[in-house]
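J.: Sending over start-v2.pdb (PDB, C-alpha atoms (C1' of nucleotides) and all ligand atoms).
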```pdb
MODEL        1
ATOM      1  CA  MET A   1      91.389 119.868 150.610
ATOM      2  CA  LYS A   2      95.035 119.984 149.647
ATOM      3  CA  TYR A   3      94.526 120.612 145.942
ATOM      4  CA  ILE A   4      91.333 122.662 145.939
ATOM      5  CA  ASP A   5      93.109 126.001 146.096
ATOM      6  CA  LYS A   6      95.703 124.942 143.542
ATOM      7  CA  LEU A   7      92.955 124.136 141.079
ATOM      8  CA  ARG A   8      90.819 127.194 141.881
ATOM      9  CA  ASN A   9      93.817 129.490 141.542
ATOM     10  CA  SER A  10      94.393 128.022 138.080
ATOM     11  CA  GLY A  11      90.808 128.624 137.013
ATOM     12  CA  LEU A  12      90.047 124.911 137.128
ATOM     13  CA  ARG A  13      87.012 123.753 139.084
ATOM     14  CA  PRO A  14      88.027 121.278 141.771
ATOM     15  CA  THR A  15      85.923 118.343 140.637
ATOM     16  CA  LYS A  16      86.063 114.947 142.267
ATOM     17  CA  GLN A  17      87.894 113.530 139.239
ATOM     18  CA  ARG A  18      90.544 116.242 139.155
ATOM     19  CA  LEU A  19      91.172 115.964 142.877
ATOM     20  CA  GLN A  20      91.629 112.225 142.604
ATOM     21  CA  ILE A  21      94.019 112.629 139.717
ATOM     22  CA  CYS A  22      95.922 115.228 141.772
ATOM     23  CA  GLU A  23      96.272 112.659 144.550
ATOM     24  CA  VAL A  24      97.790 110.147 142.161
ATOM     25  CA  LEU A  25     100.068 112.646 140.430
ATOM     26  CA  PHE A  26     101.218 114.986 143.169
ATOM     27  CA  ASN A  27     100.688 113.337 146.557
ATOM     28  CA  THR A  28     104.042 111.552 146.481
ATOM     29  CA  GLU A  29     107.516 112.264 147.742
ATOM     30  CA  LYS A  30     109.158 111.568 144.406
ATOM     31  CA  THR A  31     108.232 112.869 140.993
ATOM     32  CA  PHE A  32     107.696 110.336 138.229
ATOM     33  CA  HIS A  33     107.168 109.732 134.515
ATOM     34  CA  PHE A  34     104.082 108.198 132.986
ATOM     35  CA  THR A  35     102.034 107.541 129.887
ATOM     36  CA  ILE A  36      98.282 108.076 129.836
ATOM     37  CA  ASN A  37      97.716 104.338 130.015
ATOM     38  CA  GLU A  38     100.032 103.963 132.999
ATOM     39  CA  LEU A  39      98.225 106.811 134.718
ATOM     40  CA  GLU A  40      94.864 105.220 134.028
ATOM     41  CA  GLN A  41      96.128 102.022 135.642
ATOM     42  CA  LYS A  42      97.452 103.913 138.676
ATOM     43  CA  ILE A  43      94.094 105.599 139.086
ATOM     44  CA  LYS A  44      92.308 102.251 138.943
ATOM     45  CA  ASP A  45      94.673 100.814 141.556
ATOM     46  CA  LYS A  46      94.443 103.685 144.007
ATOM     47  CA  ILE A  47      90.800 104.633 143.659
ATOM     48  CA  ASP A  48      87.470 102.847 143.884
ATOM     49  CA  CYS A  49      85.395 104.596 141.211
ATOM     50  CA  LYS A  50      86.240 104.856 137.529
ATOM     51  CA  ILE A  51      87.332 108.008 135.736
ATOM     52  CA  SER A  52      86.682 107.967 132.016
ATOM     53  CA  LEU A  53      89.668 107.879 129.705
ATOM     54  CA  ALA A  54      88.508 111.127 128.077
ATOM     55  CA  THR A  55      88.679 112.844 131.450
ATOM     56  CA  VAL A  56      92.174 111.539 132.064
ATOM     57  CA  TYR A  57      93.271 113.015 128.751
ATOM     58  CA  ASN A  58      91.418 116.271 129.405
ATOM     59  CA  THR A  59      92.895 116.630 132.876
ATOM     60  CA  VAL A  60      96.453 115.815 131.879
ATOM     61  CA  HIS A  61      96.280 118.371 129.085
ATOM     62  CA  ALA A  62      94.744 120.977 131.395
ATOM     63  CA  PHE A  63      97.498 120.370 133.966
ATOM     64  CA  GLU A  64     100.159 120.527 131.264
ATOM     65  CA  LYS A  65      98.797 123.850 130.059
ATOM     66  CA  LYS A  66      98.928 125.201 133.603
ATOM     67  CA  GLY A  67     102.515 124.011 134.017
ATOM     68  CA  TYR A  68     101.860 121.222 136.524
ATOM     69  CA  LEU A  69     103.033 118.561 134.067
ATOM     70  CA  LYS A  70     105.284 118.497 131.062
ATOM     71  CA  GLN A  71     105.815 116.244 128.106
ATOM     72  CA  ILE A  72     109.102 114.474 127.568
ATOM     73  CA  PRO A  73     110.175 114.119 123.957
ATOM     74  CA  ILE A  74     111.148 110.530 123.204
ATOM     75  CA  ASN A  75     110.437 108.319 120.259
ATOM     76  CA  SER A  76     107.587 106.191 121.430
ATOM     77  CA  ASN A  77     104.115 105.543 120.153
ATOM     78  CA  GLN A  78     102.828 106.922 123.444
ATOM     79  CA  THR A  79     103.342 110.370 124.914
ATOM     80  CA  TYR A  80     105.393 110.502 128.123
ATOM     81  CA  PHE A  81     104.630 113.019 130.844
ATOM     82  CA  ASP A  82     106.654 114.140 133.832
ATOM     83  CA  THR A  83     105.466 115.434 137.198
ATOM     84  CA  ASN A  84     108.888 117.037 137.582
ATOM     85  CA  VAL A  85     108.380 120.332 135.769
ATOM     86  CA  THR A  86     111.762 121.811 136.669
ATOM     87  CA  ASP A  87     114.395 121.992 133.938
ATOM     88  CA  HIS A  88     116.180 118.664 133.972
ATOM     89  CA  HIS A  89     117.529 115.930 131.734
ATOM     90  CA  HIS A  90     116.847 112.235 131.186
ATOM     91  CA  PHE A  91     118.260 108.843 130.624
ATOM     92  CA  TYR A  92     116.075 106.717 128.405
ATOM     93  CA  ASP A  93     116.551 102.996 128.777
ATOM     94  CA  LEU A  94     115.834 101.642 125.312
ATOM     95  CA  LYS A  95     115.267  98.071 126.472
ATOM     96  CA  ASP A  96     112.933  98.738 129.400
ATOM     97  CA  GLN A  97     111.459 101.899 127.833
ATOM     98  CA  LYS A  98     111.930 103.712 131.126
ATOM     99  CA  LEU A  99     112.909 107.297 131.812
ATOM    100  CA  ILE A 100     115.317 108.176 134.615
ATOM    101  CA  ASP A 101     115.960 111.716 135.815
ATOM    102  CA  LEU A 102     119.372 113.275 135.577
ATOM    103  CA  GLU A 103     120.218 116.071 137.956
ATOM    104  CA  ASN A 104     121.548 119.219 136.364
ATOM    105  CA  SER A 105     124.765 118.577 138.274
ATOM    106  CA  ASP A 106     125.060 115.239 136.454
ATOM    107  CA  VAL A 107     125.262 117.023 133.141
ATOM    108  CA  GLY A 108     126.734 120.431 133.864
ATOM    109  CA  PRO A 109     125.732 123.736 132.348
ATOM    110  CA  ILE A 110     124.934 123.809 128.651
ATOM    111  CA  ASN A 111     125.713 126.977 126.772
ATOM    112  CA  ILE A 112     123.946 127.300 123.421
ATOM    113  CA  LYS A 113     126.094 129.616 121.330
ATOM    114  CA  LYS A 114     124.014 129.765 118.165
ATOM    115  CA  LYS A 115     121.144 132.253 117.951
ATOM    116  CA  ILE A 116     118.109 132.247 115.682
ATOM    117  CA  ASN A 117     116.763 135.624 114.645
ATOM    118  CA  GLY A 118     113.540 136.545 116.438
ATOM    119  CA  LYS A 119     113.410 133.366 118.502
ATOM    120  CA  ARG A 120     113.980 132.814 122.204
ATOM    121  CA  ILE A 121     115.164 129.656 123.871
ATOM    122  CA  LYS A 122     112.317 128.122 125.829
ATOM    123  CA  SER A 123     114.041 125.006 127.119
ATOM    124  CA  VAL A 124     117.208 122.956 126.776
ATOM    125  CA  GLU A 125     116.821 119.255 127.345
ATOM    126  CA  VAL A 126     119.329 116.440 127.095
ATOM    127  CA  LEU A 127     118.217 112.906 126.315
ATOM    128  CA  VAL A 128     120.781 110.180 126.965
ATOM    129  CA  LYS A 129     119.842 106.876 125.392
ATOM    130  CA  LEU A 130     121.029 103.763 127.227
ATOM    131  CA  GLU A 131     121.669 100.282 125.881
ATOM    132  CA  ASP A 132     122.958  97.122 127.522
TER
ATOM    133  CA  MET B   1     124.286 103.551  89.665
ATOM    134  CA  LYS B   2     125.407 105.626  92.606
ATOM    135  CA  TYR B   3     123.438 103.802  95.281
ATOM    136  CA  ILE B   4     123.425 100.257  93.974
ATOM    137  CA  ASP B   5     126.565  99.232  95.833
ATOM    138  CA  LYS B   6     125.497 101.001  98.978
ATOM    139  CA  LEU B   7     122.292  98.975  99.008
ATOM    140  CA  ARG B   8     123.922  95.691  98.008
ATOM    141  CA  ASN B   9     126.590  96.070 100.647
ATOM    142  CA  SER B  10     123.821  96.479 103.205
ATOM    143  CA  GLY B  11     122.052  93.335 102.079
ATOM    144  CA  LEU B  12     119.251  95.331 100.500
ATOM    145  CA  ARG B  13     118.269  94.633  96.923
ATOM    146  CA  PRO B  14     118.594  97.743  94.784
ATOM    147  CA  THR B  15     115.026  97.988  93.589
ATOM    148  CA  LYS B  16     113.726 100.852  91.485
ATOM    149  CA  GLN B  17     111.781 102.186  94.463
ATOM    150  CA  ARG B  18     114.737 102.122  96.842
ATOM    151  CA  LEU B  19     117.008 103.798  94.316
ATOM    152  CA  GLN B  20     114.487 106.555  93.752
ATOM    153  CA  ILE B  21     114.090 107.094  97.475
ATOM    154  CA  CYS B  22     117.886 107.224  97.765
ATOM    155  CA  GLU B  23     117.934 109.984  95.162
ATOM    156  CA  VAL B  24     115.472 112.026  97.156
ATOM    157  CA  LEU B  25     117.146 111.395 100.498
ATOM    158  CA  PHE B  26     120.857 111.373  99.778
ATOM    159  CA  ASN B  27     121.509 113.094  96.441
ATOM    160  CA  THR B  28     121.682 116.559  98.011
ATOM    161  CA  GLU B  29     124.418 118.791  99.296
ATOM    162  CA  LYS B  30     122.674 119.440 102.608
ATOM    163  CA  THR B  31     121.150 116.953 104.998
ATOM    164  CA  PHE B  32     117.561 117.515 106.077
ATOM    165  CA  HIS B  33     114.735 116.493 108.394
ATOM    166  CA  PHE B  34     111.454 115.003 107.293
ATOM    167  CA  THR B  35     108.305 113.162 108.230
ATOM    168  CA  ILE B  36     107.012 110.242 106.202
ATOM    169  CA  ASN B  37     104.324 112.442 104.674
ATOM    170  CA  GLU B  38     106.815 115.119 103.700
ATOM    171  CA  LEU B  39     108.998 112.461 102.117
ATOM    172  CA  GLU B  40     106.053 111.042 100.195
ATOM    173  CA  GLN B  41     105.371 114.536  98.842
ATOM    174  CA  LYS B  42     109.011 115.012  97.870
ATOM    175  CA  ILE B  43     108.965 111.714  96.022
ATOM    176  CA  LYS B  44     105.826 112.724  94.133
ATOM    177  CA  ASP B  45     107.389 116.054  93.181
ATOM    178  CA  LYS B  46     110.698 114.644  91.993
ATOM    179  CA  ILE B  47     109.575 111.413  90.387
ATOM    180  CA  ASP B  48     107.054 110.386  87.748
ATOM    181  CA  CYS B  49     105.788 107.032  89.015
ATOM    182  CA  LYS B  50     104.154 106.414  92.382
ATOM    183  CA  ILE B  51     105.705 104.525  95.249
ATOM    184  CA  SER B  52     103.205 103.065  97.681
ATOM    185  CA  LEU B  53     103.072 104.482 101.170
ATOM    186  CA  ALA B  54     103.830 101.030 102.601
ATOM    187  CA  THR B  55     107.066 100.958 100.626
ATOM    188  CA  VAL B  56     108.045 104.387 101.859
ATOM    189  CA  TYR B  57     107.574 103.181 105.437
ATOM    190  CA  ASN B  58     109.392  99.927 104.732
ATOM    191  CA  THR B  59     112.309 101.687 103.095
ATOM    192  CA  VAL B  60     112.687 104.367 105.733
ATOM    193  CA  HIS B  61     112.721 101.733 108.448
ATOM    194  CA  ALA B  62     115.203  99.605 106.535
ATOM    195  CA  PHE B  63     117.499 102.605 106.048
ATOM    196  CA  GLU B  64     117.164 103.536 109.696
ATOM    197  CA  LYS B  65     118.123 100.021 110.734
ATOM    198  CA  LYS B  66     121.205 100.191 108.491
ATOM    199  CA  GLY B  67     122.190 103.547 109.978
ATOM    200  CA  TYR B  68     121.466 105.708 106.931
ATOM    201  CA  LEU B  69     118.711 107.599 108.740
ATOM    202  CA  LYS B  70     117.883 108.320 112.326
ATOM    203  CA  GLN B  71     114.835 109.355 114.250
ATOM    204  CA  ILE B  72     114.718 112.639 116.099
ATOM    205  CA  PRO B  73     112.765 112.554 119.356
ATOM    206  CA  ILE B  74     110.338 115.451 119.536
ATOM    207  CA  ASN B  75     106.778 115.619 120.727
ATOM    208  CA  SER B  76     104.765 115.401 117.571
ATOM    209  CA  ASN B  77     102.109 113.084 116.291
ATOM    210  CA  GLN B  78     104.427 112.283 113.397
ATOM    211  CA  THR B  79     107.876 110.741 113.559
ATOM    212  CA  TYR B  80     110.740 112.947 112.383
ATOM    213  CA  PHE B  81     113.725 111.512 110.576
ATOM    214  CA  ASP B  82     117.133 112.983 109.826
ATOM    215  CA  THR B  83     119.490 112.264 106.933
ATOM    216  CA  ASN B  84     122.296 113.612 109.124
ATOM    217  CA  VAL B  85     123.245 110.518 111.102
ATOM    218  CA  THR B  86     126.247 112.047 112.827
ATOM    219  CA  ASP B  87     125.889 112.906 116.519
ATOM    220  CA  HIS B  88     124.432 116.390 116.645
ATOM    221  CA  HIS B  89     121.826 118.505 118.401
ATOM    222  CA  HIS B  90     118.698 120.397 117.390
ATOM    223  CA  PHE B  91     116.670 123.502 117.710
ATOM    224  CA  TYR B  92     112.966 122.843 117.470
ATOM    225  CA  ASP B  93     110.866 125.810 116.431
ATOM    226  CA  LEU B  94     107.590 125.267 118.252
ATOM    227  CA  LYS B  95     105.594 127.630 116.035
ATOM    228  CA  ASP B  96     106.768 126.417 112.628
ATOM    229  CA  GLN B  97     107.335 122.843 113.815
ATOM    230  CA  LYS B  98     110.725 122.857 112.112
ATOM    231  CA  LEU B  99     113.989 121.269 113.179
ATOM    232  CA  ILE B 100     117.310 123.095 112.744
ATOM    233  CA  ASP B 101     120.692 121.462 113.195
ATOM    234  CA  LEU B 102     123.100 122.640 115.847
ATOM    235  CA  GLU B 103     126.776 122.000 115.329
ATOM    236  CA  ASN B 104     128.552 120.329 118.208
ATOM    237  CA  SER B 105     130.638 123.486 118.491
ATOM    238  CA  ASP B 106     127.413 125.437 119.095
ATOM    239  CA  VAL B 107     126.755 123.390 122.219
ATOM    240  CA  GLY B 108     130.124 122.214 123.458
ATOM    241  CA  PRO B 109     130.997 118.859 124.957
ATOM    242  CA  ILE B 110     128.502 117.288 127.315
ATOM    243  CA  ASN B 111     129.874 115.194 130.113
ATOM    244  CA  ILE B 112     127.363 112.806 131.667
ATOM    245  CA  LYS B 113     128.633 112.114 135.164
ATOM    246  CA  LYS B 114     125.946 109.710 136.366
ATOM    247  CA  LYS B 115     126.285 106.018 135.558
ATOM    248  CA  ILE B 116     123.618 103.307 135.446
ATOM    249  CA  ASN B 117     124.719  99.821 136.384
ATOM    250  CA  GLY B 118     125.031  97.523 133.387
ATOM    251  CA  LYS B 119     124.024 100.166 130.841
ATOM    252  CA  ARG B 120     126.098 101.956 128.240
ATOM    253  CA  ILE B 121     125.454 105.374 126.784
ATOM    254  CA  LYS B 122     124.342 105.018 123.190
ATOM    255  CA  SER B 123     123.725 108.663 122.366
ATOM    256  CA  VAL B 124     123.502 112.107 123.928
ATOM    257  CA  GLU B 125     121.160 114.525 122.215
ATOM    258  CA  VAL B 126     120.207 118.061 123.115
ATOM    259  CA  LEU B 127     116.860 119.490 122.061
ATOM    260  CA  VAL B 128     116.518 123.266 122.319
ATOM    261  CA  LYS B 129     112.930 124.432 122.019
ATOM    262  CA  LEU B 130     112.426 127.872 120.472
ATOM    263  CA  GLU B 131     109.533 130.281 120.886
ATOM    264  CA  ASP B 132     108.921 133.784 119.557
TER
ATOM    265  C1'  DA C   1      65.988 127.387 143.613
ATOM    266  C1'  DC C   2      67.687 128.860 139.271
ATOM    267  C1'  DC C   3      70.972 129.965 135.816
ATOM    268  C1'  DT C   4      75.070 129.539 133.212
ATOM    269  C1'  DA C   5      79.405 128.050 132.111
ATOM    270  C1'  DC C   6      82.322 124.311 132.888
ATOM    271  C1'  DT C   7      83.091 119.348 133.174
ATOM    272  C1'  DT C   8      82.453 114.500 132.520
ATOM    273  C1'  DT C   9      81.371 110.726 129.821
ATOM    274  C1'  DA C  10      80.324 107.185 126.325
ATOM    275  C1'  DT C  11      81.046 106.843 121.920
ATOM    276  C1'  DA C  12      82.605 107.899 117.357
ATOM    277  C1'  DA C  13      86.092 109.771 114.404
ATOM    278  C1'  DT C  14      90.819 110.617 113.135
ATOM    279  C1'  DG C  15      95.148 109.585 111.470
ATOM    280  C1'  DA C  16      99.839 107.800 111.744
ATOM    281  C1'  DT C  17     101.663 103.484 111.637
ATOM    282  C1'  DT C  18     101.738  98.489 111.113
ATOM    283  C1'  DC C  19      99.978  94.203 109.295
ATOM    284  C1'  DT C  20      98.407  90.888 105.653
ATOM    285  C1'  DA C  21      98.656  88.294 101.878
ATOM    286  C1'  DA C  22      98.834  88.233  97.025
ATOM    287  C1'  DA C  23     101.486  89.884  92.978
ATOM    288  C1'  DT C  24     106.265  91.276  91.312
ATOM    289  C1'  DA C  25     110.959  91.536  90.977
ATOM    290  C1'  DA C  26     115.745  90.250  92.137
ATOM    291  C1'  DG C  27     119.354  87.052  92.676
ATOM    292  C1'  DT C  28     121.294  82.328  91.941
ATOM    293  C1'  DG C  29     122.314  78.252  89.740
ATOM    294  C1'  DT C  30     121.838  75.424  85.604
TER
ATOM    295  C1'  DA D   1     117.212  81.719  78.743
ATOM    296  C1'  DC D   2     114.879  79.154  82.295
ATOM    297  C1'  DA D   3     113.525  77.487  86.704
ATOM    298  C1'  DC D   4     113.655  78.278  91.499
ATOM    299  C1'  DT D   5     113.996  80.709  95.802
ATOM    300  C1'  DT D   6     113.707  84.638  98.479
ATOM    301  C1'  DA D   7     113.074  89.516  98.994
ATOM    302  C1'  DT D   8     110.159  93.288  97.921
ATOM    303  C1'  DT D   9     106.152  95.910  96.620
ATOM    304  C1'  DT D  10     101.518  96.898  97.040
ATOM    305  C1'  DA D  11      96.498  97.789  98.083
ATOM    306  C1'  DG D  12      93.889  97.404 101.468
ATOM    307  C1'  DA D  13      92.665  96.223 106.210
ATOM    308  C1'  DA D  14      93.786  96.464 111.047
ATOM    309  C1'  DT D  15      95.641  98.745 115.067
ATOM    310  C1'  DC D  16      95.647 101.947 118.535
ATOM    311  C1'  DA D  17      96.849 106.408 120.715
ATOM    312  C1'  DT D  18      94.649 110.488 120.612
ATOM    313  C1'  DT D  19      91.006 113.870 119.650
ATOM    314  C1'  DA D  20      86.275 115.296 118.654
ATOM    315  C1'  DT D  21      81.239 115.126 119.603
ATOM    316  C1'  DA D  22      77.369 116.025 121.946
ATOM    317  C1'  DA D  23      74.390 114.801 125.652
ATOM    318  C1'  DA D  24      74.069 114.552 130.699
ATOM    319  C1'  DG D  25      75.905 116.160 135.038
ATOM    320  C1'  DT D  26      78.064 119.575 138.256
ATOM    321  C1'  DA D  27      80.022 123.819 140.406
ATOM    322  C1'  DG D  28      79.555 128.282 141.724
ATOM    323  C1'  DG D  29      77.141 132.468 141.624
ATOM    324  C1'  DT D  30      72.742 135.359 142.169
TER
HETATM  325 MN    MN E 201     103.482 112.001 120.624
HETATM  326 MN    MN E 202     106.797 109.074 117.608
HETATM  327 ZN    ZN E 203     111.961 113.718 134.531
HETATM  328 ZN    ZN E 204     119.554 117.067 112.339
ENDMDL
END
```
Any chance you could give the structure as structure tokens?

T.:
Amino acid sequence: MKYIDKLRNSGLRPTKQRLQICEVLFNTEKTFHFTINELEQKIKDKIDCKISLATVYNTVHAFEKKGYLKQIPINSNQTYFDTNVTDHHHFYDLKDQKLIDLENSDVGPINIKKKINGKRIKSVEVLVKLED
Amino acid sequence: MKYIDKLRNSGLRPTKQRLQICEVLFNTEKTFHFTINELEQKIKDKIDCKISLATVYNTVHAFEKKGYLKQIPINSNQTYFDTNVTDHHHFYDLKDQKLIDLENSDVGPINIKKKINGKRIKSVEVLVKLED
DNA sequence: ACCTACTTTATAATGATTCTAAATAAGTGT
DNA sequence: ACACTTATTTAGAATCATTATAAAGTAGGT
């Protein structure tokens, strides 16, 4: 019931698959980072029936487009997504290949002084790479 | 002649292919950003003979390992490299899919206050996404 | 119930990257 | 110059995340 309105208000039909994916993605205290394959595994663990991989991709992209998920730019062969869609920064642990959130207070305000003609700043993200 | 010592000192044999790739990558006033396919095109334009795609990949990875190139993390299906290996930040133009360097003075110092036990900061990079 | 547009799904296609193994080239010592 | 060893190049195949296809299923409206 919890996610039916959210989906309807976004113009997305509240199908069984989308509602189950909502449960996995959004029915948690903490936000988290994931790849498509990790999400597929989480879905398998939490839910009895199978959702096809194509639907997982479709749904994640639909949710991203609606602003319920965002991509995190890191150099990996897989795309990383974030259920925390607020503006925030990341540690990236190169050994474990894990993302860790940084609070904005951990980084401080960033003032971009350069301007590009005819372009607006959409986001400012800091990536801090960690090694041992 | 210019790059033979550079390669030898890195433990890389100065082959014809590597020297030609050095010309394309490093024999310019300005640094630049590229994908493997863009580099392959540049090589074709500047040079008579063909270098196999496998060699372009091998060479770029070898140069990256030696610190003569670095990867730029952005969400793209292709990996972006940078001949500017100093610590610096980027604009990413979402429409044109082009990277633009930011000077450190354009961003100011970034002080990461959070610490992770047993990990050291390797790099701090800011990515500023631009839209129209 | 019926219609239509949206969604799911299995499967195939795509495409960047990596792997393989055979042919070449570079460095080293004689 | 030659023989020998090791690094490198290369064409082609393999990998694998992601996207496209198109047929079957579903949601929501009339
Ligand atoms: Mn990607
Ligand atoms: Mn990549
Ligand atoms: Zn995050
Ligand atoms: Zn740069």

J.: Can you give me, as a ChimeraX atom specification, the residues this file yields under the PyMOL selection byres (((chain D and resi 1) around 12) and not hetatm)?

T.: /C:30 /D:2-3

J.: Could you tell me which residues of chain A sit within 8 Å of chain B when counting only C-alpha atoms, and give me the result as a PyMOL selection string?

T.: chain A and resi 71-75+79+102+106-108+110-114+118-132

J.: Any residue with an atom at most 9 Å from ligand ZN 203 (chain E) counts, using all atoms listed in the file. Which are they? Put them as a count of residues only.

T.: 20

J.: Give me the result of the PyMOL selection byres ((chain C) within 10 of (chain B)) on this file, residue by residue, as an mmCIF file with C-alpha atoms (C1' of nucleotides), in the frame of the given file.

T.:
```
data_model
loop_
_atom_site.group_PDB
_atom_site.id
_atom_site.type_symbol
_atom_site.label_atom_id
_atom_site.label_comp_id
_atom_site.auth_asym_id
_atom_site.auth_seq_id
_atom_site.Cartn_x
_atom_site.Cartn_y
_atom_site.Cartn_z
ATOM 1 C "C1'" DG C 15 95.148 109.585 111.470
ATOM 2 C "C1'" DA C 16 99.839 107.800 111.744
ATOM 3 C "C1'" DT C 17 101.663 103.484 111.637
ATOM 4 C "C1'" DT C 18 101.738 98.489 111.113
ATOM 5 C "C1'" DA C 25 110.959 91.536 90.977
ATOM 6 C "C1'" DA C 26 115.745 90.250 92.137
ATOM 7 C "C1'" DG C 27 119.354 87.052 92.676
#
```

J.: If you measure from atom CA of Ile4 of chain A to atom C1' of DT26 of chain D, what distance in Å do you get, rounded to one decimal?

T.: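 Pair atom CA of Ile4 of chain A / atom C1' of DT26 of chain D returns 15.6 Å.
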